[in-house]
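The structure under discussion appears below in the form of structure tokens.
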Amino acid sequence: MMLYYTLTSFFKPTMKKFPSEFEDLLNANGKRILNSKQYPSNFTKKGAIPIEVVNNIIDQDVAAKCIAILDKTVYAKLKPISSKINPNELWGMKKNYTERLSKNLRMKTMEIGGPKSRSYEAAQACGLIQMLNSESLRKFGEVVASTRFGTAENNQVICYESGDYVSPHNDHHPENENVKNGFFDIHLMFSNRHVEHQLLVHEQNGYLNQCYNISQPAAMAIYKLPFWHYTTPLIAKPGKEKMARRWLLLRSFELSK
Ligand SMILES: [Fe+2]
């Protein structure tokens, strides 16, 4: 039995790069969604906030291979970013109940810049750029959102580790002509087996009280921003705080004209 297990593990094909088409990561359910004419989601429900998290589209062993590629080729290129709570937001208050909290966060990230940037080189070498730019990734998002997307905006990689989070914010960019009326985000997410949980909380009818569990081994979230939302601190399994990682591969699109 042991010999059989060792042999099958040894001959299991490894994945050295992301496939050039997102479709090739999908399981049967993911392919069914990709090829469907319509998908029932919050994008078509009257009054719902336009966000949908889709689970069970990539098998766990494939997700583990994606995580292995990201750990090996991208992790060392990430930069930590953090923005702490300004103490003046508490001790500078002059009146009761006038508190205001600016956006604060902690995570590691890599914006994928132009072809001459080091981040681009790393992301291209592991096939990430080709996969994020693939037609099937855009199509999957468009099926779930029940609409066509416009021009692709940018690609970014984010990695949340134990205690990393983002406080409430809305991603409205009124100074940017191309996205001032909104934009679409596709988040392809992979959590390793050391993650206990992390939630995405978003507004609904004026309250921040709707949430999704975003710590599945693999999932995709499709957003039409802006709206208020935040990401709770990543909680690792006990004793696994140094190893827990949730990867977020992000591609943004303008609204279609
Ligand atoms: Fe956000």
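Please note that chains go A, B, ... in the order of the structure tokens, that every chain numbers its residues from 1, and that ligands are numbered from 1 in the order shown.
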
Write out as a PyMOL selection string all residues of range 85-162 of chain A that backbone DSSP assigns to alpha helix (DSSP H).
chain A and resi 88-91+118-125+128-132+135-145

Same residues, N, CA and C atoms, saved as an mmCIF file, in the first residue's frame:
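Written out: result-v1.cif:
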data_model
loop_
_atom_site.group_PDB
_atom_site.id
_atom_site.type_symbol
_atom_site.label_atom_id
_atom_site.label_comp_id
_atom_site.auth_asym_id
_atom_site.auth_seq_id
_atom_site.Cartn_x
_atom_site.Cartn_y
_atom_site.Cartn_z
ATOM 1 N N ASN A 88 -4.039 60.100 15.995
ATOM 2 C CA ASN A 88 -4.812 61.350 16.091
ATOM 3 C C ASN A 88 -6.300 61.121 15.822
ATOM 4 N N GLU A 89 -6.616 60.012 15.132
ATOM 5 C CA GLU A 89 -8.033 59.717 14.869
ATOM 6 C C GLU A 89 -8.759 59.354 16.166
ATOM 7 N N LEU A 90 -8.000 59.026 17.186
ATOM 8 C CA LEU A 90 -8.615 58.751 18.495
ATOM 9 C C LEU A 90 -8.389 59.941 19.438
ATOM 10 N N TRP A 91 -7.111 60.270 19.688
ATOM 11 C CA TRP A 91 -6.804 61.274 20.714
ATOM 12 C C TRP A 91 -6.980 62.696 20.215
ATOM 13 N N ARG A 118 10.586 44.385 -13.163
ATOM 14 C CA ARG A 118 10.993 43.078 -12.626
ATOM 15 C C ARG A 118 9.781 42.229 -12.279
ATOM 16 N N SER A 119 8.717 42.904 -11.850
ATOM 17 C CA SER A 119 7.505 42.166 -11.490
ATOM 18 C C SER A 119 6.906 41.494 -12.738
ATOM 19 N N TYR A 120 6.983 42.195 -13.875
ATOM 20 C CA TYR A 120 6.439 41.659 -15.121
ATOM 21 C C TYR A 120 7.216 40.397 -15.524
ATOM 22 N N GLU A 121 8.538 40.517 -15.395
ATOM 23 C CA GLU A 121 9.410 39.375 -15.745
ATOM 24 C C GLU A 121 9.025 38.128 -14.933
ATOM 25 N N ALA A 122 8.867 38.331 -13.606
ATOM 26 C CA ALA A 122 8.543 37.195 -12.725
ATOM 27 C C ALA A 122 7.169 36.636 -13.062
ATOM 28 N N ALA A 123 6.224 37.534 -13.301
ATOM 29 C CA ALA A 123 4.856 37.094 -13.576
ATOM 30 C C ALA A 123 4.748 36.427 -14.943
ATOM 31 N N GLN A 124 5.597 36.854 -15.870
ATOM 32 C CA GLN A 124 5.567 36.226 -17.201
ATOM 33 C C GLN A 124 6.242 34.856 -17.164
ATOM 34 N N ALA A 125 7.341 34.778 -16.420
ATOM 35 C CA ALA A 125 8.100 33.514 -16.372
ATOM 36 C C ALA A 125 7.249 32.361 -15.827
ATOM 37 N N LEU A 128 1.820 33.641 -15.283
ATOM 38 C CA LEU A 128 0.709 34.329 -14.625
ATOM 39 C C LEU A 128 0.087 35.416 -15.508
ATOM 40 N N ILE A 129 0.919 36.175 -16.182
ATOM 41 C CA ILE A 129 0.392 37.257 -17.025
ATOM 42 C C ILE A 129 -0.478 36.694 -18.139
ATOM 43 N N GLN A 130 0.037 35.659 -18.794
ATOM 44 C CA GLN A 130 -0.725 35.077 -19.896
ATOM 45 C C GLN A 130 -2.082 34.568 -19.396
ATOM 46 N N MET A 131 -2.096 33.932 -18.222
ATOM 47 C CA MET A 131 -3.333 33.369 -17.683
ATOM 48 C C MET A 131 -4.311 34.485 -17.277
ATOM 49 N N LEU A 132 -3.785 35.540 -16.624
ATOM 50 C CA LEU A 132 -4.665 36.641 -16.225
ATOM 51 C C LEU A 132 -5.196 37.397 -17.442
ATOM 52 N N GLU A 135 -8.487 35.119 -22.560
ATOM 53 C CA GLU A 135 -9.876 35.407 -22.959
ATOM 54 C C GLU A 135 -10.861 34.661 -22.064
ATOM 55 N N SER A 136 -10.499 33.432 -21.625
ATOM 56 C CA SER A 136 -11.440 32.651 -20.815
ATOM 57 C C SER A 136 -11.611 33.230 -19.409
ATOM 58 N N LEU A 137 -10.599 33.925 -18.882
ATOM 59 C CA LEU A 137 -10.755 34.570 -17.579
ATOM 60 C C LEU A 137 -11.764 35.716 -17.689
ATOM 61 N N ARG A 138 -11.589 36.537 -18.737
ATOM 62 C CA ARG A 138 -12.534 37.634 -18.966
ATOM 63 C C ARG A 138 -13.943 37.074 -19.163
ATOM 64 N N LYS A 139 -14.037 36.024 -19.982
ATOM 65 C CA LYS A 139 -15.355 35.461 -20.295
ATOM 66 C C LYS A 139 -16.048 34.931 -19.037
ATOM 67 N N PHE A 140 -15.280 34.267 -18.161
ATOM 68 C CA PHE A 140 -15.860 33.729 -16.919
ATOM 69 C C PHE A 140 -16.476 34.877 -16.108
ATOM 70 N N GLY A 141 -15.724 35.968 -15.969
ATOM 71 C CA GLY A 141 -16.230 37.128 -15.232
ATOM 72 C C GLY A 141 -17.465 37.708 -15.888
ATOM 73 N N GLU A 142 -17.458 37.786 -17.211
ATOM 74 C CA GLU A 142 -18.595 38.368 -17.929
ATOM 75 C C GLU A 142 -19.851 37.501 -17.800
ATOM 76 N N VAL A 143 -19.677 36.174 -17.780
ATOM 77 C CA VAL A 143 -20.833 35.277 -17.608
ATOM 78 C C VAL A 143 -21.455 35.498 -16.229
ATOM 79 N N VAL A 144 -20.602 35.551 -15.192
ATOM 80 C CA VAL A 144 -21.121 35.710 -13.818
ATOM 81 C C VAL A 144 -21.756 37.092 -13.642
ATOM 82 N N ALA A 145 -21.130 38.119 -14.235
ATOM 83 C CA ALA A 145 -21.647 39.490 -14.088
ATOM 84 C C ALA A 145 -22.770 39.794 -15.071
#

Please report, as a tab-separated table, each residue of chain A lying at most 9 Å from ligand 1, together with the nearest pair of atoms and the separation in Å rounded to one decimal; use only C-alpha atoms and all ligand atoms, and order rows by chain and ascending residue number.
residue	atom	partner	partner_atom_place_in_ligand_line	distance
A:Val166	CA	ligand 1	1 (Fe)	7.7
A:Pro168	CA	ligand 1	1 (Fe)	8.2
A:His169	CA	ligand 1	1 (Fe)	6.4
A:Asn170	CA	ligand 1	1 (Fe)	6.2
A:Asp171	CA	ligand 1	1 (Fe)	5.5
A:Leu225	CA	ligand 1	1 (Fe)	8.3
A:Pro226	CA	ligand 1	1 (Fe)	8.4
A:Phe227	CA	ligand 1	1 (Fe)	8.6
A:Trp228	CA	ligand 1	1 (Fe)	8.1
A:His229	CA	ligand 1	1 (Fe)	6.5
A:Tyr230	CA	ligand 1	1 (Fe)	6.7
A:Thr231	CA	ligand 1	1 (Fe)	8.1

Which is closest to Ser41 in chain A among A:Cys126, A:Leu26, A:Ala221, A:Ile186, if we use only C-alpha atoms?
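Residue with the minimum atom-to-atom distance to Ser41 in chain A: A:Ala221.
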
Can you list, as a VMD selection string, every protein, DNA or RNA residue that comes within 9 Å of range 55-67 of chain A when you count only C-alpha atoms, leaving out same-chain residues fewer than 4 positions away?
chain A and resid 14 to 18 25 to 31 33 71 to 72 190 to 193 216 to 221 246 to 247

Residue list (strand (DSSP E), DSSP) for range 146-232 of chain A, as number ranges by chain:
A: 149-161, 165-169, 183-191, 195-197, 199-204, 207-213, 218-225, 229-231

With distances taken over only C-alpha atoms, which of A:Tyr39, A:Phe253, A:Tyr207, A:Phe184 is nearest to Ile51 in chain A?
A:Phe184

Find the residues near Glu153 in chain A: any atom within 12 Å, counting only C-alpha atoms, skip ones fewer than 5 places away on the same chain, and give them as a PyMOL selection string.
chain A and resi 111-113+132-133+176+178-179+182-186+250-256

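The interatomic distance for the pair CA of Tyr75 in chain A and CA of Val157 in chain A works out to 9.6 Å.
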
Of A:Lys45, A:Pro238, A:Pro87, A:Leu199, the one sitting nearest Arg100 in chain A when using only C-alpha atoms is A:Pro87

To one decimal place, how far is CA of Asn155 in chain A from CA of His187 in chain A in Å?
10.1 Å

Contact residues around Tyr165 in chain A with only C-alpha atoms at 12 Å, ignoring same-chain residues under 4 positions, as a list in words:
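Counting only the stated atoms, we get Ile81, Ser82, Ser83, Lys84, Lys103, Asn104, Leu105, Arg106, Met107, Lys108, Ile158, Cys159, Tyr160, Glu161, His169, His197, Gln198, Leu199, Leu200, Val201, His229, Tyr230, Thr231, Thr232, Pro233, Leu234, Ile235 and Arg246 of chain A.
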
Include N, CA and C atoms and write out the residues we just selected as a PDB file, in the first residue's frame.
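Generated output (again-v3.pdb):
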ATOM      1  N   ILE A  81       3.056  46.009   2.388  1.00  0.00           N
ATOM      2  CA  ILE A  81       2.489  47.362   2.511  1.00  0.00           C
ATOM      3  C   ILE A  81       1.617  47.388   3.753  1.00  0.00           C
ATOM      4  N   SER A  82       1.661  48.520   4.444  1.00  0.00           N
ATOM      5  CA  SER A  82       0.807  48.643   5.618  1.00  0.00           C
ATOM      6  C   SER A  82       0.491  50.107   5.846  1.00  0.00           C
ATOM      7  N   SER A  83      -0.645  50.343   6.398  1.00  0.00           N
ATOM      8  CA  SER A  83      -1.069  51.689   6.765  1.00  0.00           C
ATOM      9  C   SER A  83      -1.773  51.540   8.105  1.00  0.00           C
ATOM     10  N   LYS A  84      -1.142  52.102   9.155  1.00  0.00           N
ATOM     11  CA  LYS A  84      -1.674  51.906  10.508  1.00  0.00           C
ATOM     12  C   LYS A  84      -2.745  52.941  10.832  1.00  0.00           C
ATOM     13  N   LYS A 103      -8.595  54.525   5.759  1.00  0.00           N
ATOM     14  CA  LYS A 103      -8.331  53.146   5.323  1.00  0.00           C
ATOM     15  C   LYS A 103      -7.013  52.663   5.931  1.00  0.00           C
ATOM     16  N   ASN A 104      -7.047  51.563   6.615  1.00  0.00           N
ATOM     17  CA  ASN A 104      -5.797  50.988   7.115  1.00  0.00           C
ATOM     18  C   ASN A 104      -5.745  49.513   6.733  1.00  0.00           C
ATOM     19  N   LEU A 105      -4.529  49.010   6.576  1.00  0.00           N
ATOM     20  CA  LEU A 105      -4.389  47.659   6.015  1.00  0.00           C
ATOM     21  C   LEU A 105      -3.012  47.097   6.281  1.00  0.00           C
ATOM     22  N   ARG A 106      -2.867  45.812   6.047  1.00  0.00           N
ATOM     23  CA  ARG A 106      -1.553  45.158   6.058  1.00  0.00           C
ATOM     24  C   ARG A 106      -1.610  43.933   5.152  1.00  0.00           C
ATOM     25  N   MET A 107      -0.668  43.819   4.256  1.00  0.00           N
ATOM     26  CA  MET A 107      -0.607  42.676   3.312  1.00  0.00           C
ATOM     27  C   MET A 107       0.726  42.727   2.568  1.00  0.00           C
ATOM     28  N   LYS A 108       0.958  41.775   1.702  1.00  0.00           N
ATOM     29  CA  LYS A 108       2.093  41.854   0.773  1.00  0.00           C
ATOM     30  C   LYS A 108       1.504  41.920  -0.637  1.00  0.00           C
ATOM     31  N   ILE A 158      -1.764  39.852  -4.610  1.00  0.00           N
ATOM     32  CA  ILE A 158      -1.785  40.181  -3.178  1.00  0.00           C
ATOM     33  C   ILE A 158      -1.650  38.870  -2.412  1.00  0.00           C
ATOM     34  N   CYS A 159      -0.923  38.914  -1.308  1.00  0.00           N
ATOM     35  CA  CYS A 159      -0.823  37.740  -0.445  1.00  0.00           C
ATOM     36  C   CYS A 159      -1.153  38.159   0.993  1.00  0.00           C
ATOM     37  N   TYR A 160      -2.181  37.548   1.553  1.00  0.00           N
ATOM     38  CA  TYR A 160      -2.557  37.795   2.946  1.00  0.00           C
ATOM     39  C   TYR A 160      -1.946  36.685   3.784  1.00  0.00           C
ATOM     40  N   GLU A 161      -1.272  37.096   4.874  1.00  0.00           N
ATOM     41  CA  GLU A 161      -0.762  36.126   5.839  1.00  0.00           C
ATOM     42  C   GLU A 161      -1.436  36.375   7.182  1.00  0.00           C
ATOM     43  N   HIS A 169     -13.473  50.310   3.146  1.00  0.00           N
ATOM     44  CA  HIS A 169     -13.158  51.260   2.070  1.00  0.00           C
ATOM     45  C   HIS A 169     -14.130  50.975   0.938  1.00  0.00           C
ATOM     46  N   HIS A 197      -9.653  30.882   8.527  1.00  0.00           N
ATOM     47  CA  HIS A 197     -10.705  31.623   7.823  1.00  0.00           C
ATOM     48  C   HIS A 197     -10.336  33.079   7.566  1.00  0.00           C
ATOM     49  N   GLN A 198     -11.022  33.650   6.607  1.00  0.00           N
ATOM     50  CA  GLN A 198     -10.971  35.081   6.293  1.00  0.00           C
ATOM     51  C   GLN A 198     -12.287  35.416   5.603  1.00  0.00           C
ATOM     52  N   LEU A 199     -12.864  36.548   5.976  1.00  0.00           N
ATOM     53  CA  LEU A 199     -14.171  36.926   5.438  1.00  0.00           C
ATOM     54  C   LEU A 199     -14.073  38.205   4.626  1.00  0.00           C
ATOM     55  N   LEU A 200     -14.906  38.299   3.615  1.00  0.00           N
ATOM     56  CA  LEU A 200     -15.124  39.560   2.916  1.00  0.00           C
ATOM     57  C   LEU A 200     -16.489  40.070   3.371  1.00  0.00           C
ATOM     58  N   VAL A 201     -16.505  41.260   3.951  1.00  0.00           N
ATOM     59  CA  VAL A 201     -17.761  41.837   4.441  1.00  0.00           C
ATOM     60  C   VAL A 201     -18.113  43.006   3.529  1.00  0.00           C
ATOM     61  N   HIS A 229     -16.767  47.863   1.576  1.00  0.00           N
ATOM     62  CA  HIS A 229     -16.427  46.477   1.911  1.00  0.00           C
ATOM     63  C   HIS A 229     -15.148  46.454   2.739  1.00  0.00           C
ATOM     64  N   TYR A 230     -14.856  45.348   3.371  1.00  0.00           N
ATOM     65  CA  TYR A 230     -13.569  45.157   4.039  1.00  0.00           C
ATOM     66  C   TYR A 230     -13.245  43.675   4.132  1.00  0.00           C
ATOM     67  N   THR A 231     -11.981  43.382   4.438  1.00  0.00           N
ATOM     68  CA  THR A 231     -11.514  41.998   4.541  1.00  0.00           C
ATOM     69  C   THR A 231     -11.032  41.774   5.972  1.00  0.00           C
ATOM     70  N   THR A 232     -11.597  40.799   6.643  1.00  0.00           N
ATOM     71  CA  THR A 232     -11.237  40.559   8.052  1.00  0.00           C
ATOM     72  C   THR A 232      -9.816  39.987   8.156  1.00  0.00           C
ATOM     73  N   PRO A 233      -9.189  40.093   9.329  1.00  0.00           N
ATOM     74  CA  PRO A 233      -7.837  39.534   9.476  1.00  0.00           C
ATOM     75  C   PRO A 233      -7.813  38.053   9.150  1.00  0.00           C
ATOM     76  N   LEU A 234      -6.789  37.637   8.415  1.00  0.00           N
ATOM     77  CA  LEU A 234      -6.648  36.212   8.132  1.00  0.00           C
ATOM     78  C   LEU A 234      -6.299  35.485   9.442  1.00  0.00           C
ATOM     79  N   ILE A 235      -7.076  34.470   9.750  1.00  0.00           N
ATOM     80  CA  ILE A 235      -6.835  33.654  10.939  1.00  0.00           C
ATOM     81  C   ILE A 235      -6.237  32.326  10.479  1.00  0.00           C
ATOM     82  N   ARG A 246      -3.095  33.365   1.941  1.00  0.00           N
ATOM     83  CA  ARG A 246      -4.188  33.413   0.963  1.00  0.00           C
ATOM     84  C   ARG A 246      -3.725  34.305  -0.179  1.00  0.00           C
TER      85      ARG A 246
END

Pairwise distance for CA of Gly239 in chain A and CA of Asn213 in chain A, rounded to one decimal in Å
21.3 Å
